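Have a look at the structure below, then the notes.
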Amino acid sequence: MSLRPYLTAFGLQWKIGLRYRIAVVAGLVAQMWFGAVTLMAYASVYHAAPDVQAPLSLRQAMTYTWIQQSLFTLLPLGCLPAIGDAARTGAIVYDLLRPVDMWNWWLSASLARLLGNAVPRAVLLACVAGPLAMLVGLGAWSLAPPASLISAILALVSITLGALLSATIVMGWNILTARTLSPLGSYAVGTPLAVLLSGMLLPLPLYPDWIRPFLLVQPFAGITDIPIRIYLGTPIPGGVATGLGLQIFWLAALTLLGRLWMRQTVNRLEVQGA
Amino acid sequence: MPDMPHSPSRTLGPVGLYRRMAGASIVAQLRYPGTFIIQAIGNFVTTLLSFFGIWSLFHRFGSIAGWDIGTVAVLYGLVNVAFAVAETLGRGFEVFGGEYVRTGSFDRLLLRPRSTLLLLLGHELRLRPIGRFLQGLFVLVAGLWLAPHVQWSALLVLPWAVAGGAAMFLGVLIGQAALCFITVEGLEVVNVLTYGGVEAGQYPLTMFGRWLRRFITFVLPLAAVCYYPALFCLRHPDPLGLPIWIGALSPSAGFAFLGVMVFAWQRAVAGYVSSGS
């Protein structure tokens, strides 16, 4: 088995993601706005209640928000657009005919799409929210550096796992799209789930205490929440190993389930169109 | 629509024409009832979850400068209901760049002897935002129910504030469409004013820094259609020192904003050069 077809699928989607430079800048402005609104709201609640013992300090909550904003396009918001089109037009049949493993084929394309969108935005926003904000005297509102060199390295490992996990969840949306012949359902379900459960809406450590254990062990926490906690050096129950372990567990479990579901779907797939 | 006999001798007025276009659009959307229901539920759940986020924040930190979760619920409900109305009406402006300017099909609209604004309003009467609308209404009513000082005058000001807010958001969509004459494709940056406006409108104005307060008061009159009417309904004194009756008048700023945007639109249409296709 050669890796080449999967690398080609990856390269193609990666380039599509990089194509839209104006969209990257537009996204940056939008993320700065949402980041600013959220940060001011957090600063205001933290200052109004100085004696509340929150699981994150204000500075950590701000850093969490910046990283979360910069990785917005890494979240599994819906299916891969190319698969949505293919399902609607019936072109999905070409994918079935290819002499490749379809799971890996779609997975490499999905991963490249996420990374091609997320990496340039993340780098840009990190520069603006980090060093640039420091330079213009907004240091208190800026992105804090990682807790230590070790946590930086571990966070890098963790975010790599997070990207893979996100692509695996996107595979779920892809299969849903192939079954329902429309990408709309995957966006209707995927976007709210991803935005809430990944910590985009509110950092997962800030939810009420009774729900926090559940929020940590669900798969979406592995995409950005666990890497950010490692970056910040905030305690995860059981330590960094639990965090990485949860990510690996979900990656394995979802790959297994997804492959089964895909096999079952392909066997009974009715292709639309001529 | 086959069930409506077409008589060439009688021309429809603007209202009749809009009703016919809206009716056709509703029938088209209900053609796929499953998709519609999933999207409406998705919309409802997404917006409800976003309220759960705010609720959690206030649950942890308690009230902020006299604002507790009940009063924030009123702000949240108000801005979401207003935006849902604008989203329902203004779909034609939202997709204007991609579907009309880039493809050149705006030329066809110009050939029709009707206002382009009317024709674009009739592009689609979108049913999907009903999820956001119902959820916002639910949170709004719950917030008013919990608030201690609500008077009957609130019932007069609330619909007025919703109308002003819907006019303001519709103005943003029209302004976005007018920009498409220059940019051809729609610009995502405008989402800062629509979705970002909803995000900013659901927090009390006093939580923000001065530049943002000024922006959402004087550039985009978000505070005028949301924050001040909410203060009026809750009988909550303004920490920034304005008298309380301001809230009963301020929603008119939303209509003024819409007027400015309609003027900009007409100027833009007058200078339109087709992209050709």
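Scheme for the structure tokens: letters A, B, ... for chains in order shown; per-chain residue numbers from 1; ligand numbers from 1 in order shown.
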- Output as a PyMOL selection string the set of chain A residues within 10 Å of chain B, with distances taken over only C-alpha atoms. chain A and resi 22-34+36-54+182+184-185+187-193+195-196+199-204+206-209
- Within 12 Å of segment 155-164 of chain B, counting only C-alpha atoms, which residues show up once you throw out same-chain ones fewer than 5 positions away? Write them as JSON, numbers by chain, please. {"B": [74, 75, 76, 77, 78, 79, 80, 81, 82, 83, 84, 85, 86, 133, 136, 137, 140, 141, 144, 150, 169, 170, 171, 221, 222, 223, 224, 225, 226, 227, 228, 229, 230, 231, 232, 233, 234, 245, 246, 247, 248, 249, 250, 251, 252, 253, 254, 255, 256, 257, 258, 259]}
So that I have them on file, write out the residues from the current selection with N, CA and C atoms, as a short mmCIF file (atom, residue, chain, number, x, y, z; two decimals), in the first residue's frame.
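Everything below was put into result-v4.cif:
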data_model
loop_
_atom_site.label_atom_id
_atom_site.label_comp_id
_atom_site.auth_asym_id
_atom_site.auth_seq_id
_atom_site.Cartn_x
_atom_site.Cartn_y
_atom_site.Cartn_z
N VAL B 74 -33.17 39.60 29.57
CA VAL B 74 -34.00 40.54 28.80
C VAL B 74 -33.21 41.11 27.62
N LEU B 75 -31.96 41.51 27.89
CA LEU B 75 -31.10 42.02 26.81
C LEU B 75 -30.90 40.96 25.74
N TYR B 76 -30.59 39.77 26.21
CA TYR B 76 -30.30 38.65 25.31
C TYR B 76 -31.52 38.36 24.43
N GLY B 77 -32.70 38.29 25.05
CA GLY B 77 -33.91 37.97 24.31
C GLY B 77 -34.22 39.05 23.28
N LEU B 78 -34.06 40.29 23.70
CA LEU B 78 -34.39 41.42 22.83
C LEU B 78 -33.53 41.41 21.56
N VAL B 79 -32.22 41.25 21.72
CA VAL B 79 -31.33 41.33 20.56
C VAL B 79 -31.54 40.13 19.65
N ASN B 80 -31.82 38.96 20.22
CA ASN B 80 -32.01 37.78 19.39
C ASN B 80 -33.32 37.82 18.62
N VAL B 81 -34.39 38.27 19.27
CA VAL B 81 -35.68 38.36 18.57
C VAL B 81 -35.55 39.36 17.41
N ALA B 82 -34.93 40.52 17.68
CA ALA B 82 -34.79 41.53 16.63
C ALA B 82 -33.96 40.99 15.46
N PHE B 83 -32.87 40.30 15.77
CA PHE B 83 -32.03 39.78 14.70
C PHE B 83 -32.75 38.70 13.91
N ALA B 84 -33.54 37.87 14.59
CA ALA B 84 -34.28 36.81 13.89
C ALA B 84 -35.24 37.41 12.88
N VAL B 85 -35.91 38.52 13.25
CA VAL B 85 -36.84 39.16 12.31
C VAL B 85 -36.07 39.67 11.08
N ALA B 86 -34.93 40.32 11.32
CA ALA B 86 -34.14 40.84 10.20
C ALA B 86 -33.63 39.71 9.31
N PHE B 133 -35.92 33.00 16.96
CA PHE B 133 -36.99 33.88 17.40
C PHE B 133 -37.69 33.32 18.64
N GLY B 136 -35.38 33.25 21.68
CA GLY B 136 -35.16 34.58 22.23
C GLY B 136 -36.39 35.07 22.98
N LEU B 137 -37.56 34.79 22.40
CA LEU B 137 -38.81 35.21 23.04
C LEU B 137 -38.97 34.52 24.39
N LEU B 140 -36.63 36.05 26.84
CA LEU B 140 -37.09 37.41 27.14
C LEU B 140 -38.23 37.39 28.15
N VAL B 141 -39.22 36.52 27.90
CA VAL B 141 -40.38 36.45 28.79
C VAL B 141 -39.94 35.96 30.17
N LEU B 144 -38.28 38.85 32.02
CA LEU B 144 -39.23 39.85 32.50
C LEU B 144 -40.03 39.32 33.68
N VAL B 150 -41.01 45.43 36.69
CA VAL B 150 -41.55 45.61 35.35
C VAL B 150 -42.95 46.20 35.41
N PHE B 169 -30.75 45.89 12.04
CA PHE B 169 -30.05 44.74 11.45
C PHE B 169 -30.34 44.63 9.95
N LEU B 170 -31.59 44.96 9.56
CA LEU B 170 -31.91 44.96 8.13
C LEU B 170 -31.07 46.01 7.42
N GLY B 171 -30.86 47.15 8.09
CA GLY B 171 -30.00 48.19 7.53
C GLY B 171 -28.58 47.68 7.32
N PRO B 221 -26.28 51.75 16.01
CA PRO B 221 -27.07 52.15 17.19
C PRO B 221 -27.61 50.96 17.98
N LEU B 222 -26.72 50.03 18.30
CA LEU B 222 -27.13 48.81 18.98
C LEU B 222 -27.65 49.10 20.39
N ALA B 223 -26.97 49.99 21.10
CA ALA B 223 -27.39 50.32 22.47
C ALA B 223 -28.77 50.96 22.45
N ALA B 224 -29.06 51.74 21.40
CA ALA B 224 -30.33 52.46 21.33
C ALA B 224 -31.51 51.51 21.14
N VAL B 225 -31.28 50.37 20.47
CA VAL B 225 -32.40 49.46 20.22
C VAL B 225 -32.45 48.31 21.21
N CYS B 226 -31.44 48.21 22.06
CA CYS B 226 -31.38 47.05 22.92
C CYS B 226 -31.16 47.44 24.38
N TYR B 227 -30.05 48.10 24.65
CA TYR B 227 -29.67 48.38 26.03
C TYR B 227 -30.62 49.37 26.69
N TYR B 228 -30.88 50.53 26.04
CA TYR B 228 -31.72 51.55 26.68
C TYR B 228 -33.18 51.11 26.81
N PRO B 229 -33.78 50.47 25.76
CA PRO B 229 -35.13 49.95 25.99
C PRO B 229 -35.19 48.92 27.12
N ALA B 230 -34.14 48.10 27.25
CA ALA B 230 -34.14 47.11 28.34
C ALA B 230 -34.08 47.83 29.69
N LEU B 231 -33.27 48.88 29.79
CA LEU B 231 -33.22 49.66 31.04
C LEU B 231 -34.61 50.21 31.37
N PHE B 232 -35.31 50.70 30.33
CA PHE B 232 -36.64 51.28 30.54
C PHE B 232 -37.61 50.21 31.06
N CYS B 233 -37.59 49.04 30.42
CA CYS B 233 -38.53 47.99 30.82
C CYS B 233 -38.26 47.49 32.23
N LEU B 234 -36.98 47.46 32.59
CA LEU B 234 -36.62 46.92 33.90
C LEU B 234 -36.64 47.99 34.98
N TRP B 245 -36.39 57.72 30.47
CA TRP B 245 -37.33 57.75 29.34
C TRP B 245 -36.63 57.68 27.99
N ILE B 246 -35.30 57.85 27.97
CA ILE B 246 -34.53 57.71 26.73
C ILE B 246 -34.86 56.37 26.05
N GLY B 247 -35.03 55.34 26.87
CA GLY B 247 -35.26 54.01 26.34
C GLY B 247 -36.54 53.88 25.54
N ALA B 248 -37.52 54.74 25.81
CA ALA B 248 -38.78 54.69 25.07
C ALA B 248 -38.65 55.36 23.70
N LEU B 249 -37.69 56.26 23.57
CA LEU B 249 -37.51 56.98 22.30
C LEU B 249 -36.42 56.39 21.42
N SER B 250 -35.38 55.84 22.09
CA SER B 250 -34.16 55.51 21.36
C SER B 250 -34.33 54.49 20.23
N PRO B 251 -35.32 53.54 20.28
CA PRO B 251 -35.40 52.59 19.15
C PRO B 251 -35.57 53.27 17.80
N SER B 252 -36.03 54.53 17.78
CA SER B 252 -36.17 55.20 16.49
C SER B 252 -34.81 55.33 15.78
N ALA B 253 -33.72 55.29 16.54
CA ALA B 253 -32.39 55.34 15.93
C ALA B 253 -32.18 54.18 14.96
N GLY B 254 -32.81 53.02 15.25
CA GLY B 254 -32.71 51.88 14.34
C GLY B 254 -33.29 52.21 12.98
N PHE B 255 -34.43 52.93 13.00
CA PHE B 255 -35.06 53.31 11.73
C PHE B 255 -34.23 54.36 10.99
N ALA B 256 -33.61 55.27 11.78
CA ALA B 256 -32.75 56.27 11.15
C ALA B 256 -31.57 55.59 10.46
N PHE B 257 -31.00 54.58 11.12
CA PHE B 257 -29.89 53.83 10.54
C PHE B 257 -30.33 53.14 9.26
N LEU B 258 -31.52 52.53 9.30
CA LEU B 258 -32.06 51.88 8.10
C LEU B 258 -32.20 52.89 6.96
N GLY B 259 -32.68 54.11 7.32
CA GLY B 259 -32.85 55.15 6.30
C GLY B 259 -31.53 55.51 5.63
#
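Within 10 Å of Phe220 of chain A, once only C-alpha atoms are used and residues closer than 6 positions along the same chain are dropped, the contacting residues are Leu75, Pro76, Gly162, Leu165, Ser166, Ile169, Leu193, Ala194, Val195, Leu196, Leu197, Ser198, Gly199, Ile226, Gln247 and Trp250 of chain A.
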With N, CA and C atoms retained, could you export that selection as a PDB file, in the first residue's frame?
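So out06.pdb came out as:
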ATOM      1  N   LEU A  75     -12.351  23.383  14.295  1.00  0.00           N
ATOM      2  CA  LEU A  75     -13.454  22.623  14.891  1.00  0.00           C
ATOM      3  C   LEU A  75     -14.232  21.869  13.812  1.00  0.00           C
ATOM      4  N   PRO A  76     -14.774  20.704  14.160  1.00  0.00           N
ATOM      5  CA  PRO A  76     -15.569  19.932  13.194  1.00  0.00           C
ATOM      6  C   PRO A  76     -16.983  20.488  13.087  1.00  0.00           C
ATOM      7  N   GLY A 162      -5.356  16.596  18.689  1.00  0.00           N
ATOM      8  CA  GLY A 162      -6.641  17.293  18.584  1.00  0.00           C
ATOM      9  C   GLY A 162      -7.070  17.468  17.142  1.00  0.00           C
ATOM     10  N   LEU A 165      -8.228  14.186  15.869  1.00  0.00           N
ATOM     11  CA  LEU A 165      -9.524  13.871  16.460  1.00  0.00           C
ATOM     12  C   LEU A 165     -10.627  14.651  15.759  1.00  0.00           C
ATOM     13  N   SER A 166     -10.337  15.923  15.479  1.00  0.00           N
ATOM     14  CA  SER A 166     -11.336  16.743  14.796  1.00  0.00           C
ATOM     15  C   SER A 166     -11.634  16.175  13.411  1.00  0.00           C
ATOM     16  N   ILE A 169     -13.887  13.274  13.703  1.00  0.00           N
ATOM     17  CA  ILE A 169     -15.289  13.651  13.911  1.00  0.00           C
ATOM     18  C   ILE A 169     -15.887  14.159  12.601  1.00  0.00           C
ATOM     19  N   LEU A 193     -22.950  21.457  18.377  1.00  0.00           N
ATOM     20  CA  LEU A 193     -22.208  20.532  19.233  1.00  0.00           C
ATOM     21  C   LEU A 193     -20.770  20.984  19.385  1.00  0.00           C
ATOM     22  N   ALA A 194     -20.118  21.303  18.252  1.00  0.00           N
ATOM     23  CA  ALA A 194     -18.698  21.656  18.300  1.00  0.00           C
ATOM     24  C   ALA A 194     -18.479  22.954  19.063  1.00  0.00           C
ATOM     25  N   VAL A 195     -19.350  23.941  18.842  1.00  0.00           N
ATOM     26  CA  VAL A 195     -19.141  25.244  19.477  1.00  0.00           C
ATOM     27  C   VAL A 195     -19.305  25.140  20.988  1.00  0.00           C
ATOM     28  N   LEU A 196     -20.293  24.375  21.438  1.00  0.00           N
ATOM     29  CA  LEU A 196     -20.498  24.268  22.882  1.00  0.00           C
ATOM     30  C   LEU A 196     -19.465  23.356  23.531  1.00  0.00           C
ATOM     31  N   LEU A 197     -19.307  22.151  22.968  1.00  0.00           N
ATOM     32  CA  LEU A 197     -18.561  21.114  23.665  1.00  0.00           C
ATOM     33  C   LEU A 197     -17.052  21.281  23.573  1.00  0.00           C
ATOM     34  N   SER A 198     -16.566  22.113  22.627  1.00  0.00           N
ATOM     35  CA  SER A 198     -15.127  22.297  22.532  1.00  0.00           C
ATOM     36  C   SER A 198     -14.639  23.413  23.449  1.00  0.00           C
ATOM     37  N   GLY A 199     -15.553  24.218  23.972  1.00  0.00           N
ATOM     38  CA  GLY A 199     -15.138  25.330  24.820  1.00  0.00           C
ATOM     39  C   GLY A 199     -15.037  26.641  24.077  1.00  0.00           C
ATOM     40  N   ILE A 226      -8.301  20.373  25.840  1.00  0.00           N
ATOM     41  CA  ILE A 226      -7.188  19.706  26.519  1.00  0.00           C
ATOM     42  C   ILE A 226      -5.844  20.316  26.103  1.00  0.00           C
ATOM     43  N   GLN A 247      -7.519  11.785  24.707  1.00  0.00           N
ATOM     44  CA  GLN A 247      -7.458  12.081  23.269  1.00  0.00           C
ATOM     45  C   GLN A 247      -7.218  10.812  22.470  1.00  0.00           C
ATOM     46  N   TRP A 250     -10.318   8.477  22.471  1.00  0.00           N
ATOM     47  CA  TRP A 250     -11.397   8.884  21.569  1.00  0.00           C
ATOM     48  C   TRP A 250     -11.000   8.711  20.113  1.00  0.00           C
TER      49      TRP A 250
END
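Closest approach to Thr183 of chain B from the set B:Arg102, B:Arg112, B:Arg19, B:Arg31 is made by B:Arg102, with distances taken over only C-alpha atoms.
Between atom CA of Val15 of chain B and atom CA of Ile37 of chain B the separation is 28.4 Å.
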- Message: At a cut-off of 12 Å, using only C-alpha atoms, what residues contact Ala241 of chain A? Leave out same-chain residues fewer than 4 positions from it and give the result as number ranges by chain.
- Response: A: 154-155, 157-158, 226-227, 230, 235-237, 245-249
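Here atom CA of Ile153 of chain A stands at a distance of 27.3 Å from atom CA of Asn104 of chain A.
Near segment 130-132 of chain A, within a cut-off of 10 Å and counting only C-alpha atoms, sit the residues Thr63, Trp66, Leu124, Leu125, Ala126, Cys127, Leu135, Val136, Gly137, Leu138, Gly139, Trp141, Ser142, Leu143, Ala144 and Pro145 of chain A, with same-chain residues fewer than 3 positions away left out.
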Put those residues in a file: all heavy atoms, as a compact mmCIF listing (two decimals), in the first residue's frame.
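Dumped everything to out29.txt:
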# COMPACT_ATOMS: atom_id res chain seq x y z
N THR A 63 -6.25 34.12 27.63
CA THR A 63 -5.40 33.32 26.75
C THR A 63 -6.20 32.18 26.13
O THR A 63 -6.10 31.90 24.93
CB THR A 63 -4.20 32.79 27.52
OG1 THR A 63 -3.51 33.89 28.10
CG2 THR A 63 -3.25 32.02 26.64
N TRP A 66 -8.29 33.56 23.33
CA TRP A 66 -7.53 33.87 22.11
C TRP A 66 -7.18 32.61 21.34
O TRP A 66 -7.33 32.56 20.11
CB TRP A 66 -6.25 34.64 22.43
CG TRP A 66 -6.46 36.10 22.67
CD1 TRP A 66 -6.01 36.81 23.75
CD2 TRP A 66 -7.13 37.04 21.83
NE1 TRP A 66 -6.39 38.12 23.64
CE2 TRP A 66 -7.07 38.30 22.47
CE3 TRP A 66 -7.79 36.95 20.61
CZ2 TRP A 66 -7.64 39.45 21.92
CZ3 TRP A 66 -8.36 38.09 20.07
CH2 TRP A 66 -8.28 39.32 20.72
N LEU A 124 -1.46 34.02 12.29
CA LEU A 124 -1.73 35.47 12.22
C LEU A 124 -2.29 36.00 13.52
O LEU A 124 -1.81 37.00 14.07
CB LEU A 124 -2.74 35.73 11.11
CG LEU A 124 -2.23 36.29 9.80
CD1 LEU A 124 -3.37 36.42 8.82
CD2 LEU A 124 -1.61 37.66 10.04
N LEU A 125 -3.32 35.31 14.03
CA LEU A 125 -3.98 35.81 15.23
C LEU A 125 -3.03 35.73 16.43
O LEU A 125 -3.02 36.62 17.28
CB LEU A 125 -5.27 35.04 15.52
CG LEU A 125 -6.15 35.70 16.59
CD1 LEU A 125 -6.64 37.06 16.14
CD2 LEU A 125 -7.33 34.83 16.97
N ALA A 126 -2.21 34.67 16.47
CA ALA A 126 -1.26 34.56 17.57
C ALA A 126 -0.28 35.72 17.55
O ALA A 126 0.07 36.27 18.60
CB ALA A 126 -0.53 33.22 17.49
N CYS A 127 0.15 36.14 16.35
CA CYS A 127 1.07 37.28 16.26
C CYS A 127 0.37 38.56 16.72
O CYS A 127 0.95 39.36 17.45
CB CYS A 127 1.56 37.46 14.82
SG CYS A 127 2.64 36.14 14.29
N LEU A 135 3.28 45.08 22.26
CA LEU A 135 3.99 46.26 21.77
C LEU A 135 3.14 47.52 21.88
O LEU A 135 3.64 48.59 22.21
CB LEU A 135 4.39 46.06 20.30
CG LEU A 135 5.65 45.24 20.07
CD1 LEU A 135 5.92 45.09 18.59
CD2 LEU A 135 6.83 45.89 20.77
N VAL A 136 1.82 47.40 21.61
CA VAL A 136 0.99 48.60 21.66
C VAL A 136 0.46 48.86 23.07
O VAL A 136 -0.42 49.69 23.26
CB VAL A 136 -0.18 48.55 20.65
CG1 VAL A 136 0.33 48.49 19.23
CG2 VAL A 136 -1.10 47.37 20.93
N GLY A 137 0.98 48.13 24.05
CA GLY A 137 0.63 48.44 25.44
C GLY A 137 -0.63 47.77 25.93
O GLY A 137 -1.22 48.18 26.91
N LEU A 138 -1.10 46.72 25.22
CA LEU A 138 -2.28 45.99 25.68
C LEU A 138 -1.86 44.66 26.31
O LEU A 138 -2.56 43.67 26.19
CB LEU A 138 -3.24 45.75 24.51
CG LEU A 138 -3.97 46.98 24.00
CD1 LEU A 138 -4.70 46.66 22.70
CD2 LEU A 138 -4.95 47.48 25.04
N GLY A 139 -0.69 44.68 26.97
CA GLY A 139 -0.13 43.45 27.52
C GLY A 139 -1.10 42.67 28.39
O GLY A 139 -1.13 41.45 28.35
N TRP A 141 -4.17 42.31 28.09
CA TRP A 141 -5.22 41.66 27.31
C TRP A 141 -4.65 40.64 26.33
O TRP A 141 -5.39 40.05 25.56
CB TRP A 141 -6.00 42.70 26.49
CG TRP A 141 -6.65 43.73 27.33
CD1 TRP A 141 -6.08 44.87 27.83
CD2 TRP A 141 -7.99 43.73 27.81
NE1 TRP A 141 -6.98 45.55 28.57
CE2 TRP A 141 -8.17 44.89 28.57
CE3 TRP A 141 -9.07 42.84 27.66
CZ2 TRP A 141 -9.38 45.20 29.19
CZ3 TRP A 141 -10.27 43.15 28.26
CH2 TRP A 141 -10.42 44.32 29.02
N SER A 142 -3.34 40.46 26.35
CA SER A 142 -2.73 39.69 25.27
C SER A 142 -2.71 38.20 25.58
O SER A 142 -3.10 37.75 26.66
CB SER A 142 -1.31 40.18 25.04
OG SER A 142 -0.53 39.87 26.16
N LEU A 143 -2.23 37.47 24.58
CA LEU A 143 -2.07 36.02 24.69
C LEU A 143 -0.84 35.75 25.55
O LEU A 143 0.26 36.20 25.22
CB LEU A 143 -1.87 35.49 23.27
CG LEU A 143 -1.61 34.03 23.05
CD1 LEU A 143 -2.91 33.27 23.08
CD2 LEU A 143 -0.96 33.82 21.69
N ALA A 144 -1.01 35.02 26.64
CA ALA A 144 0.12 34.74 27.52
C ALA A 144 1.00 33.66 26.91
O ALA A 144 0.50 32.79 26.20
CB ALA A 144 -0.38 34.30 28.89
N PRO A 145 2.31 33.68 27.18
CA PRO A 145 3.17 32.58 26.70
C PRO A 145 2.85 31.29 27.45
O PRO A 145 2.20 31.33 28.49
CB PRO A 145 4.58 33.08 27.02
CG PRO A 145 4.40 34.11 28.08
CD PRO A 145 3.05 34.71 27.87
- Query: Which parts of segment 10-107 of chain A does DSSP call alpha helix (DSSP H) when run on the backbone here, written out as a PyMOL selection string?
  - Reply: chain A and resi 10-19+21-48+58-70+81-89+92-97+102-107
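Straight-line separation from atom CA of Thr73 of chain A to atom CA of Leu176 of chain A: 20.1 Å.
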- Within 10 Å of Val266 of chain A using only C-alpha atoms, minus same-chain residues under 4 positions, as a PyMOL selection string: chain A and resi 96+102+175+178-179+261-262+270
